[in-house]
Amino acid sequence: MSARLLQWAGQAAAYAGFAAFVGYFSSAPAYTHLDPAMALVKVSFSHGAPRQAACRERSAEELAKLPPTMRRKMDCPRVRPTVSLELLVDGIPLIAESLPPSGLSKDGPSRIYRTIPVTAGTHTLTARLRDTIRDDGEWDYERTITAELAPAQNFVVDFRADAGGFLFR
Amino acid sequence: MNALRRPVRAFFAALEGLFDRIFGPEQNPLAHLGALGFFFYWIVVATGVHLYIGFDTSVAGAYDSVEHLSRSPWFLAGVSRSLHRYASDALVVVMFVHILREFGLDRCRGVRWFSWVVGMPIIVFVYASGISGYWLVWDRLAQYVAIASTEWLDWLPIFGEPIARNFLTRGSLDDRFFTLLVFLHIAVPLILVFVLWIHLQRISRPDINPPKRLAAGTAAMLLGLSLVYPATSQGPADLGTVTSIVRPDWFYLPLYPLVDFLSAGSVWAIVAGATLVMLAIPWLPPLRRPPAAVVTLDLCNGCGRCAEDCPYSAISMAPRSDGKPFEVEAVVDPDLCVSCGICVGACPTSTPFRSDPKLPTAIDVPEPALHALRDATREASRRCVGDRRILVFGCLHSAAALQPESADTAVVPLPCVGMLPPSFIDYVLSRDLADGVFLAGCADSSSYNRLGPRWTRARLAGERDPRLRQRVPRDRLAAAWLAPRDRKRLAAEIDAFRARLPKRAPASSARPALVAEREPAQ
């Protein structure tokens, strides 16, 4: 075989090798992100708890102490309390978190985004949320459902106070 | 860092040797990695424009439109899609091989830090372009990529609302957000062109187009791959379910599984750490920079050959400042000069025939200065005995670096073979300092100072100034362009040259016409 032919064969092999490398790794090997027998529970919401304190009227003495440009009659603290959240699946607490308000002045909404793989099948889910400061240990919102989770189902636990509380989707 | 560099260099030396034999030095893909990167980029752009014509930018219509493009024979959009993907993947491959090779060849320190550092954002933009492209197909892989990307980004405390909430349930994703992704996929590659332009700013005559044969072969390869193994979608996205098993593009998406195995924070730490190390490489350790080239204005006639030949754009021609009757003068930017000496070899005033021991020239590098090179040449000549004496002018970065001398062969080292003015060859032979001159430069595929070997060949062939004079007997001159690994081959080439070299004439008849020559006209 002449040197020229060998060169051509070498080039063909180099191109084929590169093409095989690119072609294969462009879509293989497969990756299992989540066991196909599992479902995924996603807990995500953005909720601004009611302000920690109500507005009150400033006294004349208090107003006098303030700079003239800041003498607003009503004092409305912006701070929101920390939101407490619990999620129980079949009675087992999978989430028990305190969600502080966002923002430098702690006046933004509390946010959460969590994913929890669970085995497919029937489960009882209980979601609880407290967005006020209270000493009795009670929850402001609570909802329990029994759900049939299919394999690979994306089950979302959302919260919207204006819609009555927890939404299971 | 040098301990790391050595095996990388050895690996590339072996691979380059193989590719030199297969493709030939001119077409060696390893010598054109950057150009191949550009080539793949343009394929991606061209096919992207083609695909965009038929692409539906709505959430509901994106998947179907891509499927339609892939399956319909309309202008072979399916082939375009496959080319779009495979050229993008090939771009990632050549990009990383390019980075690794530049690291191995130590072409990232000194003044080359700029190209290296600017290369880092290019990686980011290439990935941002590729990953955003995977979203647009809006299949199961796109869903996985979109959610995994946003969950990873949400770890950074810079976003108010978690971006991943856009993909929470069926119906969460609106057309506006999707259009934003389309915009990103177009805008980021455009910014990439701008960064690529900056990347090349300190390189003169950048190699941005691969040789035609290599380009044709590469294009044929991609086309063949697209026809044999077309890119396909992985089923329509459905936010009501989770993508359990995906077939990721491992060139673009290797970090996503890592986020699952480690955590978003850990992967950010790895990325940040790797970025810092990469950015620091040009200074690990700092390169000792030899003093920059110096212009002697009295001798400079502003011909511009040094600026023309400098591979690093370190020389510019500025308006004359000394009142001499020339329009311009050469100005060296010390920050860009690597002291390769190619400018010295380009300057018509760089001639060893002058009687002045300081051997002034219009532009010179201090290490080694032209007079030192002449002294070294004379000294090397004195070491040679026999009737076939050979002087080897060898680049320190080529196979000549460790070339042993013999009784009739001596080596004169140069920072780059391009530093040797052709008049030196004339000088050696006409002054009977040797019977033959052998130039040993870098192979084109691994040339340390890029254009040095190319300019030298052109000067010897009389195609570029300063040209080798006609009177120089060509049978007493030979050259080899070899990588450092090719020491044995260099020795064999020198032996072969010695064997065919005409024997030394008796001293009394040693080319009297040439010996009688003195300073040639400047």
# chains A, B, ... in the order shown; residues from 1 in each chain; ligands from 1
$ interface_residues --of "chain A" --to "chain B" --cutoff "6 Å" --atoms "only C-alpha atoms" --output "list in words"
Gln7, Gly10, Gln11, Phe25, Ser26, Ser27, Ala28, Ala30, Tyr31, Thr32, His33, Leu34, Pro36, Ala152, Gln153 and Asn154 of chain A
$ residues_around --residues "Phe45 of chain A" --least-positions-apart "2" --cutoff "8 Å" --atoms "only C-alpha atoms" --output "ChimeraX atom specification"
/A:43,47,111-113,158-160
$ atom_distance --atom1 "atom CA of Asp432 of chain B" --atom2 "atom CA of Thr377 of chain B"
11.7 Å
$ closest_residue --among "A:Arg4, A:Arg169, A:Arg130, A:Lys42" --to "Pro81 of chain A" --atoms "only C-alpha atoms"
A:Arg130
$ closest_residue --among "A:Leu85, A:Pro67, A:Lys106, A:Pro151" --to "Trp139 of chain A" --atoms "only C-alpha atoms"
A:Leu85
$ select_by_dssp --residues "chain A" --states "strand (DSSP E or B)" --output "ChimeraX atom specification"
/A:31-32,38-47,56-57,74-75,83-89,92-99,110-119,121-130,141-149,153-160,165-168
$ residues_around --residues "segment 338-340 of chain B" --least-positions-apart "6" --cutoff "12 Å" --atoms "only C-alpha atoms" --output "PDB file with C-alpha atoms, in the first residue's frame"
ATOM      1  CA  ARG B 107       1.857  29.415  25.564  1.00  0.00           C
ATOM      2  CA  CYS B 108      -0.206  31.008  28.287  1.00  0.00           C
ATOM      3  CA  ARG B 109       2.382  32.794  30.408  1.00  0.00           C
ATOM      4  CA  GLY B 110       4.197  36.063  29.880  1.00  0.00           C
ATOM      5  CA  VAL B 111       2.512  38.396  27.436  1.00  0.00           C
ATOM      6  CA  ARG B 112       0.248  35.562  26.387  1.00  0.00           C
ATOM      7  CA  TRP B 113      -1.693  35.892  29.646  1.00  0.00           C
ATOM      8  CA  ARG B 202      -2.766  40.570  20.810  1.00  0.00           C
ATOM      9  CA  ILE B 203      -2.115  38.080  18.071  1.00  0.00           C
ATOM     10  CA  LEU B 287       7.408  33.747  33.331  1.00  0.00           C
ATOM     11  CA  ARG B 288      10.757  35.465  33.495  1.00  0.00           C
ATOM     12  CA  ARG B 289      10.446  37.827  30.614  1.00  0.00           C
ATOM     13  CA  PRO B 290      13.601  38.670  28.728  1.00  0.00           C
ATOM     14  CA  PRO B 291      14.030  42.376  27.992  1.00  0.00           C
ATOM     15  CA  ALA B 292      11.913  43.621  25.110  1.00  0.00           C
ATOM     16  CA  ALA B 293      13.228  44.522  21.687  1.00  0.00           C
ATOM     17  CA  VAL B 294      14.803  47.961  21.383  1.00  0.00           C
ATOM     18  CA  CYS B 306       9.536  44.284  11.761  1.00  0.00           C
ATOM     19  CA  ASP B 309       6.563  40.098  10.835  1.00  0.00           C
ATOM     20  CA  CYS B 310       5.929  40.417  14.585  1.00  0.00           C
ATOM     21  CA  PRO B 311       3.571  37.592  15.604  1.00  0.00           C
ATOM     22  CA  TYR B 312       2.378  39.423  18.709  1.00  0.00           C
ATOM     23  CA  SER B 313       1.459  42.849  17.354  1.00  0.00           C
ATOM     24  CA  ALA B 314       4.137  44.251  19.648  1.00  0.00           C
ATOM     25  CA  ILE B 315       5.529  46.648  17.039  1.00  0.00           C
ATOM     26  CA  VAL B 332       7.947  48.478  20.427  1.00  0.00           C
ATOM     27  CA  ALA B 346      13.163  40.936   9.495  1.00  0.00           C
ATOM     28  CA  ILE B 363      15.900  46.808  16.075  1.00  0.00           C
ATOM     29  CA  ASP B 364      17.530  44.353  18.416  1.00  0.00           C
ATOM     30  CA  VAL B 365      16.676  42.097  21.316  1.00  0.00           C
ATOM     31  CA  PRO B 366      19.029  42.293  24.294  1.00  0.00           C
ATOM     32  CA  GLU B 367      19.097  38.499  24.781  1.00  0.00           C
ATOM     33  CA  PRO B 368      20.869  37.598  22.559  1.00  0.00           C
ATOM     34  CA  ALA B 369      21.772  40.818  20.835  1.00  0.00           C
ATOM     35  CA  CYS B 395      15.504  27.350  17.834  1.00  0.00           C
ATOM     36  CA  LEU B 396      15.648  26.747  21.576  1.00  0.00           C
ATOM     37  CA  HIS B 397      12.089  25.452  21.493  1.00  0.00           C
ATOM     38  CA  LEU B 414      18.291  31.182  18.929  1.00  0.00           C
ATOM     39  CA  PRO B 415      15.073  32.157  20.727  1.00  0.00           C
ATOM     40  CA  CYS B 416      13.377  31.582  17.381  1.00  0.00           C
ATOM     41  CA  VAL B 417      14.804  30.574  14.033  1.00  0.00           C
ATOM     42  CA  GLY B 418      13.034  33.638  12.638  1.00  0.00           C
ATOM     43  CA  MET B 419      15.585  35.792  14.446  1.00  0.00           C
ATOM     44  CA  LEU B 420      18.297  34.755  11.994  1.00  0.00           C
ATOM     45  CA  SER B 447       5.759  26.386  16.608  1.00  0.00           C
ATOM     46  CA  TYR B 448       6.564  28.199  19.830  1.00  0.00           C
ATOM     47  CA  ASN B 449       6.761  31.650  18.296  1.00  0.00           C
ATOM     48  CA  ARG B 450       4.063  31.080  15.710  1.00  0.00           C
ATOM     49  CA  LEU B 451       5.261  32.772  12.542  1.00  0.00           C
ATOM     50  CA  GLY B 452       9.030  32.371  12.896  1.00  0.00           C
ATOM     51  CA  PRO B 453       9.414  29.198  10.775  1.00  0.00           C
TER      52      PRO B 453
END
$ residues_around --residues "Gly137 of chain A" --least-positions-apart "5" --cutoff "12 Å" --atoms "only C-alpha atoms" --output "PyMOL selection string"
chain A and resi 84+128-132
$ write_last_selection --atoms "N, CA and C atoms" --output "tab-separated table (two decimals), in the first residue's frame"
chain	number	residue	atom	x	y	z
A	84	SER	N	-43.10	29.55	59.48
A	84	SER	CA	-42.74	28.17	59.83
A	84	SER	C	-43.50	27.22	58.92
A	128	ARG	N	-48.34	22.24	56.82
A	128	ARG	CA	-48.73	23.21	57.86
A	128	ARG	C	-47.86	24.46	57.72
A	129	LEU	N	-48.50	25.56	57.99
A	129	LEU	CA	-47.74	26.82	57.90
A	129	LEU	C	-48.20	27.80	58.97
A	130	ARG	N	-47.22	28.45	59.54
A	130	ARG	CA	-47.53	29.49	60.54
A	130	ARG	C	-46.87	30.78	60.06
A	131	ASP	N	-47.68	31.84	59.91
A	131	ASP	CA	-47.10	33.10	59.43
A	131	ASP	C	-47.39	34.25	60.39
A	132	THR	N	-47.77	33.90	61.60
A	132	THR	CA	-47.96	34.93	62.63
A	132	THR	C	-47.16	34.51	63.86
$ atom_distance --atom1 "atom CA of Asp162 of chain A" --atom2 "atom CA of Gly48 of chain A"
11.2 Å
